[in-house]
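See structure below.
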Amino acid sequence: MTILLVASAFNSLTQRVFCALADRGHRVAVELALGDEALRQAVRRHDPRLILAPMLTTAIPEDIWSARPCLIVHPGPPGDRGPSSLDRAVREGATRWGVTVLQAEAEMDAGPVWASASCPVPPVGKSDLYRGELADAALEAVLTAVERFDSGTYTPRRQPPEADGTFPARPLLRQAERRIDWAADPTEAVLRELRAADSQPGVLDAFLGGEWFLHGGHPEDRLTGRPGEVVATRHGAICRATVDGAVWIPQLRPRRRPQGPRTYPLPATTVLGDRLRGVPEAPCGLWPVEDHRTWQDITYTEQGPVGFLRFTHPGGAMCAQRCRRLLHAYAFACSRPTEVLVLGGPRDFFSNGIHLGVIEAAADPAVESWTNIQAMDDLVEAVLRTTDRLVVAALCGNAAAGGAMLALAADEVWCRAGAVLNPHYRLMGLYGSEFWTYTLPRRVGDRMAERLTQRALPVSAARAQEIGLVDRVLECAVGDFAGEVARMAARLAAGAGLRSRIGAKKAARERDEAARPLGAYRAAELERMREVFFDPTAPYHALRSAFVTKRRPERTPDHLVETPTDPMCPNGRTSRIM
């Protein structure tokens, strides 16, 4: 059936729902909620049988929901209402939460329930939870609701009102409630506040002569100091003391001044600059330290013949410095006596490529763009030139652009079923690099590579496996992914044919190098990229700025509005992307 997705943004959950419905043969249309009249026009144009809102911050007009079934995905269990549902769950220390798919009515979040699902709430940031456990529950509830609606036999369950006949909702969680009292709040309370505001809206705080929104929070149990004091830095993050320990804060966003430009999260040390003069750097090695709660964004461990190089990046973005650090760690991992090397974090993003925020904030964004892409290429080339062991990219979460190409440089790509891939660059006005002209066609063929990069649409893990983009899909919960990957890697390392596979890999690399050196691919890609970076009139610069500052688009983007038959749909089905 034809389903119209209405969303405030084509975010990770909307993309996941889009992919899942298209994979199941539905005709899926997308319309961003940019105004009531535009939405009315979209409904008339597509004439959907069902309207579904995976992520919506505004109300659907009454003349639409009263005329057509409109299902809203609410990030809370049945009975929960209000705009800060997930924030409050994390802030209040809930151990389980849920998602409800309900029908739009006059009372916000009070309509009849079509489906619901529950999920655990691990001690992670809200955005990580949203893309992980909550997204799993949301997809389960959405698919159940769509199946029930399509059957025509299901009657949704009415939510009971309160004793006075109303449906009260908890109000928006404002900064006054999120405030951290550094002189009194213990570390765990501080962490809950930070995690509940990650990545939006952040926690507003004043220190070092300025006002900043704090983004992200990780515990530290050895560094101490005066509560609220910045006691150390580490790889772009700052460490602030609490009454019983400290917390690491990776990113800050300056408070926007009246009539001033939009601000956006950046590495904390980048934002604070000279204000941190005299604050010591607290180094840490690659090996995790036992019995020590601290923040390490890159770690290395071993289990017998398998090495695990784990890394995390806020928002999946990798600046030039982070790329160089990861390359250094990769070189160390390759010096170890292992047979299999696994790349990727235990949860959330794998990578989204170059750091557009750091580039936007740079004194010369063109130079920073060029520096960042060179560093990213160095990392990818190192993976491609590794011929003495098998390299596995393990994607628990999403990957996009250069981050997706980093994964494709590995010998095998293992992907959790909930991950979404965006293997393209076009929406940022870029040709792309990271050796994509070599790695993408060798996996999916020239024709499919062109479709993926030109259509610029997300691909589900299941569909990625069908077309050869990934090798294995792991049907497991987010919290089980690392363990599953470790078990699979151990089996791979113990396989009788491992050495022959490594030998065949080395021979194939030598043949490919003789046919066309990797340097030739890199030079051709970078020539196209350089032309864009250093052209001040190139669309890339405006697109980057709009993306980083989350500027509201004027209309639904063309790549979502176009209506070609989708050749990427599995089993010959068609999906119109409208």
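Labels for the structure tokens follow display order: chains A, B, ..., residues from 1 in each chain, ligands from 1.
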Where does stretch 200-306 of chain A meet stretch 539-560 of chain A within 7 Å, residue by residue, with the nearest atom pair and distance in Å to one decimal for each, counting only C-alpha atoms, listed by chain and rising number, as JSON lines?
```
{"residue": "A:Arg262", "atom": "CA", "partner": "A:Thr549", "partner_atom": "CA", "distance": 5.9}
{"residue": "A:Thr263", "atom": "CA", "partner": "A:Thr549", "partner_atom": "CA", "distance": 6.4}
{"residue": "A:Tyr264", "atom": "CA", "partner": "A:Thr549", "partner_atom": "CA", "distance": 5.9}
```
Please, could you write that set of residues out with all heavy atoms as a short mmCIF file (atom, residue, chain, number, x, y, z; two decimals), in the first residue's frame?
```
data_model
loop_
_atom_site.label_atom_id
_atom_site.label_comp_id
_atom_site.auth_asym_id
_atom_site.auth_seq_id
_atom_site.Cartn_x
_atom_site.Cartn_y
_atom_site.Cartn_z
N ARG A 262 23.88 31.08 14.26
CA ARG A 262 23.58 29.80 14.90
C ARG A 262 24.87 29.15 15.38
O ARG A 262 25.91 29.26 14.73
CB ARG A 262 22.88 28.87 13.91
CG ARG A 262 21.50 29.33 13.47
CD ARG A 262 21.00 28.45 12.34
NE ARG A 262 19.68 28.85 11.87
CZ ARG A 262 18.55 28.28 12.24
NH1 ARG A 262 18.58 27.27 13.10
NH2 ARG A 262 17.39 28.69 11.77
N THR A 263 24.78 28.47 16.50
CA THR A 263 25.94 27.75 17.02
C THR A 263 25.69 26.25 16.93
O THR A 263 24.55 25.80 16.73
CB THR A 263 26.22 28.15 18.47
OG1 THR A 263 25.08 27.81 19.29
CG2 THR A 263 26.49 29.64 18.59
N TYR A 264 26.74 25.47 17.10
CA TYR A 264 26.63 24.02 16.94
C TYR A 264 27.72 23.35 17.78
O TYR A 264 28.73 23.98 18.11
CB TYR A 264 26.77 23.63 15.47
CG TYR A 264 27.86 24.37 14.73
CD1 TYR A 264 29.16 23.87 14.67
CD2 TYR A 264 27.60 25.60 14.13
CE1 TYR A 264 30.17 24.55 14.03
CE2 TYR A 264 28.61 26.30 13.47
CZ TYR A 264 29.89 25.77 13.43
OH TYR A 264 30.89 26.46 12.79
#
```
Looking only at alpha helix (DSSP H) from DSSP on the backbone, list the matching residues of stretch 302-529 of chain A as an MDAnalysis selection string.
chainID A and resid 320:334 356:361 365:384 401:408 436:444 446:455 461:467 481:494 498:515 518:529
As a PDB file with all heavy atoms, in the first residue's frame, please: the residues near A:Thr166 (cut-off 12 Å, only C-alpha atoms, same-chain neighbours under 3 positions excluded).
```pdb
ATOM      1  N   GLY A  79       0.302   5.604  27.590  1.00  0.00           N
ATOM      2  CA  GLY A  79      -0.041   6.438  28.732  1.00  0.00           C
ATOM      3  C   GLY A  79       0.913   7.590  28.951  1.00  0.00           C
ATOM      4  O   GLY A  79       0.564   8.577  29.596  1.00  0.00           O
ATOM      5  N   ARG A  81       2.822  10.896  27.879  1.00  0.00           N
ATOM      6  CA  ARG A  81       2.505  11.989  26.958  1.00  0.00           C
ATOM      7  C   ARG A  81       3.425  13.158  27.231  1.00  0.00           C
ATOM      8  O   ARG A  81       3.851  13.385  28.348  1.00  0.00           O
ATOM      9  CB  ARG A  81       1.042  12.425  27.102  1.00  0.00           C
ATOM     10  CG  ARG A  81       0.052  11.293  26.881  1.00  0.00           C
ATOM     11  CD  ARG A  81      -1.383  11.748  27.059  1.00  0.00           C
ATOM     12  NE  ARG A  81      -2.271  10.592  27.006  1.00  0.00           N
ATOM     13  CZ  ARG A  81      -2.701   9.920  28.067  1.00  0.00           C
ATOM     14  NH1 ARG A  81      -2.346  10.320  29.267  1.00  0.00           N
ATOM     15  NH2 ARG A  81      -3.483   8.875  27.927  1.00  0.00           N
ATOM     16  N   ALA A 106      -7.379  15.054  18.449  1.00  0.00           N
ATOM     17  CA  ALA A 106      -7.262  16.428  18.946  1.00  0.00           C
ATOM     18  C   ALA A 106      -6.340  16.511  20.158  1.00  0.00           C
ATOM     19  O   ALA A 106      -5.532  17.434  20.277  1.00  0.00           O
ATOM     20  CB  ALA A 106      -8.644  16.978  19.281  1.00  0.00           C
ATOM     21  N   GLU A 107      -6.456  15.547  21.074  1.00  0.00           N
ATOM     22  CA  GLU A 107      -5.602  15.531  22.251  1.00  0.00           C
ATOM     23  C   GLU A 107      -4.246  14.936  21.874  1.00  0.00           C
ATOM     24  O   GLU A 107      -4.156  13.798  21.417  1.00  0.00           O
ATOM     25  CB  GLU A 107      -6.234  14.695  23.367  1.00  0.00           C
ATOM     26  CG  GLU A 107      -7.392  15.375  24.053  1.00  0.00           C
ATOM     27  CD  GLU A 107      -6.937  16.366  25.116  1.00  0.00           C
ATOM     28  OE1 GLU A 107      -5.713  16.481  25.335  1.00  0.00           O
ATOM     29  OE2 GLU A 107      -7.798  17.018  25.714  1.00  0.00           O
ATOM     30  N   MET A 108      -3.174  15.682  22.058  1.00  0.00           N
ATOM     31  CA  MET A 108      -1.838  15.232  21.716  1.00  0.00           C
ATOM     32  C   MET A 108      -1.465  13.969  22.499  1.00  0.00           C
ATOM     33  O   MET A 108      -1.635  13.915  23.717  1.00  0.00           O
ATOM     34  CB  MET A 108      -0.823  16.330  22.014  1.00  0.00           C
ATOM     35  CG  MET A 108       0.566  16.071  21.453  1.00  0.00           C
ATOM     36  SD  MET A 108       0.637  16.261  19.659  1.00  0.00           S
ATOM     37  CE  MET A 108       0.536  18.035  19.506  1.00  0.00           C
ATOM     38  N   ASP A 109      -1.014  12.945  21.778  1.00  0.00           N
ATOM     39  CA  ASP A 109      -0.547  11.675  22.345  1.00  0.00           C
ATOM     40  C   ASP A 109      -1.646  10.897  23.068  1.00  0.00           C
ATOM     41  O   ASP A 109      -1.358   9.989  23.851  1.00  0.00           O
ATOM     42  CB  ASP A 109       0.619  11.886  23.336  1.00  0.00           C
ATOM     43  CG  ASP A 109       1.825  12.529  22.685  1.00  0.00           C
ATOM     44  OD1 ASP A 109       1.991  12.368  21.465  1.00  0.00           O
ATOM     45  OD2 ASP A 109       2.606  13.185  23.396  1.00  0.00           O
ATOM     46  N   ALA A 110      -2.904  11.250  22.829  1.00  0.00           N
ATOM     47  CA  ALA A 110      -3.996  10.607  23.571  1.00  0.00           C
ATOM     48  C   ALA A 110      -4.858   9.706  22.694  1.00  0.00           C
ATOM     49  O   ALA A 110      -5.833   9.138  23.170  1.00  0.00           O
ATOM     50  CB  ALA A 110      -4.876  11.672  24.226  1.00  0.00           C
ATOM     51  N   GLN A 159      -6.935   4.735  24.839  1.00  0.00           N
ATOM     52  CA  GLN A 159      -6.211   5.038  26.074  1.00  0.00           C
ATOM     53  C   GLN A 159      -7.194   5.606  27.099  1.00  0.00           C
ATOM     54  O   GLN A 159      -7.972   6.506  26.774  1.00  0.00           O
ATOM     55  CB  GLN A 159      -5.105   6.058  25.823  1.00  0.00           C
ATOM     56  CG  GLN A 159      -4.017   5.586  24.885  1.00  0.00           C
ATOM     57  CD  GLN A 159      -2.855   6.545  24.873  1.00  0.00           C
ATOM     58  OE1 GLN A 159      -2.184   6.745  25.895  1.00  0.00           O
ATOM     59  NE2 GLN A 159      -2.599   7.155  23.718  1.00  0.00           N
ATOM     60  N   PRO A 160      -7.173   5.110  28.315  1.00  0.00           N
ATOM     61  CA  PRO A 160      -8.099   5.651  29.323  1.00  0.00           C
ATOM     62  C   PRO A 160      -7.648   7.018  29.795  1.00  0.00           C
ATOM     63  O   PRO A 160      -6.456   7.243  30.042  1.00  0.00           O
ATOM     64  CB  PRO A 160      -8.010   4.619  30.456  1.00  0.00           C
ATOM     65  CG  PRO A 160      -6.648   4.019  30.312  1.00  0.00           C
ATOM     66  CD  PRO A 160      -6.359   4.004  28.835  1.00  0.00           C
ATOM     67  N   PRO A 161      -8.567   7.967  29.947  1.00  0.00           N
ATOM     68  CA  PRO A 161      -8.207   9.287  30.485  1.00  0.00           C
ATOM     69  C   PRO A 161      -8.010   9.217  31.993  1.00  0.00           C
ATOM     70  O   PRO A 161      -8.275   8.195  32.633  1.00  0.00           O
ATOM     71  CB  PRO A 161      -9.417  10.140  30.122  1.00  0.00           C
ATOM     72  CG  PRO A 161     -10.554   9.177  30.104  1.00  0.00           C
ATOM     73  CD  PRO A 161      -9.990   7.878  29.598  1.00  0.00           C
ATOM     74  N   GLU A 162      -7.541  10.317  32.543  1.00  0.00           N
ATOM     75  CA  GLU A 162      -7.440  10.416  33.996  1.00  0.00           C
ATOM     76  C   GLU A 162      -8.843  10.505  34.596  1.00  0.00           C
ATOM     77  O   GLU A 162      -9.849  10.588  33.879  1.00  0.00           O
ATOM     78  CB  GLU A 162      -6.615  11.655  34.378  1.00  0.00           C
ATOM     79  CG  GLU A 162      -5.179  11.616  33.886  1.00  0.00           C
ATOM     80  CD  GLU A 162      -4.375  10.504  34.538  1.00  0.00           C
ATOM     81  OE1 GLU A 162      -4.608  10.223  35.736  1.00  0.00           O
ATOM     82  OE2 GLU A 162      -3.521   9.911  33.855  1.00  0.00           O
ATOM     83  N   ALA A 163      -8.911  10.494  35.925  1.00  0.00           N
ATOM     84  CA  ALA A 163     -10.216  10.500  36.607  1.00  0.00           C
ATOM     85  C   ALA A 163     -11.066  11.710  36.234  1.00  0.00           C
ATOM     86  O   ALA A 163     -12.301  11.631  36.220  1.00  0.00           O
ATOM     87  CB  ALA A 163     -10.002  10.451  38.124  1.00  0.00           C
ATOM     88  N   ALA A 169      -0.354  15.830  29.961  1.00  0.00           N
ATOM     89  CA  ALA A 169       0.968  15.511  29.441  1.00  0.00           C
ATOM     90  C   ALA A 169       2.018  16.266  30.235  1.00  0.00           C
ATOM     91  O   ALA A 169       1.806  17.415  30.640  1.00  0.00           O
ATOM     92  CB  ALA A 169       1.057  15.894  27.962  1.00  0.00           C
TER      93      ALA A 169
END
```
Would you pick out the contacts of A:Leu214 at 7 Å or less, using only C-alpha atoms, so that residues sharing its chain but fewer than 5 positions from it are not included, and give the list as a short mmCIF file (atom, residue, chain, number, x, y, z; two decimals) with C-alpha atoms, in the first residue's frame?
```
data_model
loop_
_atom_site.label_atom_id
_atom_site.label_comp_id
_atom_site.auth_asym_id
_atom_site.auth_seq_id
_atom_site.Cartn_x
_atom_site.Cartn_y
_atom_site.Cartn_z
CA GLY A 202 22.52 20.13 25.72
CA VAL A 203 22.79 21.39 29.29
CA LEU A 204 23.32 25.13 29.62
CA ILE A 249 32.42 16.23 28.35
CA GLN A 251 31.57 18.67 23.10
CA LEU A 252 30.36 22.19 23.84
CA ARG A 253 28.07 24.56 21.98
#
```
Excluding A:Ala145 and residues on its chain fewer than 3 positions from it, collect all residues at most 12 Å away from it, counting only C-alpha atoms, and give them as an mmCIF file with C-alpha atoms, in the first residue's frame.
```
data_model
loop_
_atom_site.group_PDB
_atom_site.id
_atom_site.type_symbol
_atom_site.label_atom_id
_atom_site.label_comp_id
_atom_site.auth_asym_id
_atom_site.auth_seq_id
_atom_site.Cartn_x
_atom_site.Cartn_y
_atom_site.Cartn_z
ATOM 1 C CA LEU A 21 8.618 -0.367 4.765
ATOM 2 C CA LEU A 50 -1.925 5.566 5.579
ATOM 3 C CA ILE A 51 0.012 8.525 6.977
ATOM 4 C CA LEU A 52 2.792 7.642 9.414
ATOM 5 C CA PRO A 69 -5.703 7.530 9.340
ATOM 6 C CA CYS A 70 -2.576 9.158 10.763
ATOM 7 C CA LEU A 71 -0.321 7.140 13.061
ATOM 8 C CA ILE A 72 2.157 8.909 15.343
ATOM 9 C CA VAL A 73 5.275 7.252 16.792
ATOM 10 C CA VAL A 99 7.423 3.249 22.138
ATOM 11 C CA THR A 100 3.766 3.709 21.276
ATOM 12 C CA VAL A 101 2.193 3.993 17.837
ATOM 13 C CA LEU A 102 -1.065 5.854 18.281
ATOM 14 C CA GLN A 103 -3.652 7.494 16.089
ATOM 15 C CA PRO A 112 -6.039 5.025 20.358
ATOM 16 C CA VAL A 113 -3.012 2.720 20.404
ATOM 17 C CA TRP A 114 -2.231 0.568 17.354
ATOM 18 C CA ALA A 115 0.922 -1.023 18.768
ATOM 19 C CA SER A 116 3.595 -0.628 21.402
ATOM 20 C CA ALA A 117 6.938 -2.184 22.296
ATOM 21 C CA ALA A 138 9.972 1.740 17.407
ATOM 22 C CA LEU A 139 10.464 -0.380 14.314
ATOM 23 C CA GLU A 140 8.846 -3.376 15.991
ATOM 24 C CA ALA A 141 5.825 -1.272 16.949
ATOM 25 C CA VAL A 142 5.595 0.431 13.540
ATOM 26 C CA ARG A 148 -2.675 -4.482 11.784
ATOM 27 C CA PHE A 149 -3.893 -1.521 9.766
ATOM 28 C CA ASP A 150 -3.377 -3.326 6.470
ATOM 29 C CA SER A 151 -5.397 -6.301 7.707
ATOM 30 C CA GLY A 152 -8.471 -4.135 8.142
ATOM 31 C CA THR A 153 -9.576 -6.287 11.076
ATOM 32 C CA TYR A 154 -7.802 -4.686 14.025
ATOM 33 C CA THR A 155 -9.473 -2.199 16.359
ATOM 34 C CA PRO A 156 -6.970 0.063 18.123
ATOM 35 C CA ARG A 157 -7.157 0.240 21.906
#
```
Residues within 8 Å of stretch 470-481 of chain A, please, as a ChimeraX atom specification. Count only C-alpha atoms; anything in the same chain fewer than 5 positions from it doesn't count.
/A:132-133,346-347,396,412-417,461-462,464-465
Find the residues near A:Ala538: any atom within 12 Å, counting only C-alpha atoms, skip ones fewer than 3 places away on the same chain, and give them as a PyMOL selection string.
chain A and resi 366+428-431+528-535+541-544
Residues from last step as file, C-alpha atoms, as a short mmCIF file (atom, residue, chain, number, x, y, z; two decimals), in the first residue's frame:
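Written file, selection_36.cif:
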```
data_model
loop_
_atom_site.label_atom_id
_atom_site.label_comp_id
_atom_site.auth_asym_id
_atom_site.auth_seq_id
_atom_site.Cartn_x
_atom_site.Cartn_y
_atom_site.Cartn_z
CA ALA A 366 38.44 25.01 2.30
CA MET A 428 26.62 17.55 0.47
CA GLY A 429 27.57 18.61 -3.05
CA LEU A 430 30.66 16.38 -3.08
CA TYR A 431 32.05 13.84 -5.51
CA ARG A 528 37.37 16.46 -8.05
CA MET A 529 37.17 17.20 -4.33
CA ARG A 530 39.78 19.95 -4.46
CA GLU A 531 37.85 21.74 -7.20
CA VAL A 532 34.80 21.87 -4.92
CA PHE A 533 36.60 22.70 -1.67
CA PHE A 534 38.42 25.69 -3.10
CA ASP A 535 35.52 27.04 -5.15
CA HIS A 541 29.78 25.37 1.32
CA ALA A 542 26.14 26.42 1.68
CA LEU A 543 24.99 22.80 2.11
CA ARG A 544 27.61 22.21 4.79
#
```
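Between A:Leu5 and the candidates A:Cys119, A:Val561, A:Ala184, A:Arg447, the tightest atom-to-atom separation, counting only C-alpha atoms, involves A:Val561.
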Pull the strand (DSSP E) assignments for stretch 83-205 of chain A out of DSSP run on the backbone, and list those residues as a count of residues only.
19
Each residue of stretch 346-434 of chain A with at least one atom at most 9 Å from stretch 501-507 of chain A should appear once, together with its nearest atom pair and the corresponding distance in Å (one decimal); atoms considered: only C-alpha atoms; ordering: chain, then increasing residue number; output as CSV.
```
residue,atom,partner,partner_atom,distance
A:Arg385,CA,A:Lys506,CA,8.9
A:Thr386,CA,A:Lys506,CA,8.4
A:Thr387,CA,A:Lys506,CA,5.0
A:Asp388,CA,A:Ile502,CA,6.4
A:Arg389,CA,A:Ile502,CA,5.9
A:Leu390,CA,A:Ile502,CA,6.4
A:Asp411,CA,A:Lys505,CA,8.4
```
Keeping N, CA and C atoms for every residue in the selection just given, could you write it to a file as a short mmCIF file (atom, residue, chain, number, x, y, z; two decimals), in the first residue's frame?
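Dumped to again39.cif:
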```
data_model
loop_
_atom_site.label_atom_id
_atom_site.label_comp_id
_atom_site.auth_asym_id
_atom_site.auth_seq_id
_atom_site.Cartn_x
_atom_site.Cartn_y
_atom_site.Cartn_z
N ARG A 385 45.61 -1.50 2.26
CA ARG A 385 46.94 -2.06 2.02
C ARG A 385 47.34 -3.11 3.05
N THR A 386 46.46 -3.45 3.96
CA THR A 386 46.75 -4.48 4.95
C THR A 386 46.56 -5.85 4.31
N THR A 387 47.63 -6.61 4.15
CA THR A 387 47.54 -7.89 3.45
C THR A 387 48.02 -9.07 4.29
N ASP A 388 48.36 -8.84 5.57
CA ASP A 388 48.89 -9.93 6.39
C ASP A 388 47.88 -10.47 7.38
N ARG A 389 46.65 -10.00 7.32
CA ARG A 389 45.57 -10.48 8.19
C ARG A 389 44.24 -10.08 7.57
N LEU A 390 43.15 -10.66 8.08
CA LEU A 390 41.83 -10.27 7.62
C LEU A 390 41.33 -9.13 8.49
N ASP A 411 37.94 -6.38 4.63
CA ASP A 411 37.70 -7.61 3.86
C ASP A 411 36.28 -8.11 4.03
#
```
Please compute the atom CA of A:Glu229-atom CA of A:Glu177 distance, one decimal, in Å.
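A separation of 21.5 Å between them.
The closest residue to A:Val342, picked from A:Leu39, A:Val459, A:Val391, A:Leu143 and counting only C-alpha atoms, is A:Val391.
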Tell me which of A:Leu457, A:Ala375, A:Gln296, A:Tyr425 sits closest to A:Thr14, counting only C-alpha atoms.
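Using only C-alpha atoms, the shortest distance to A:Thr14 belongs to A:Leu457.
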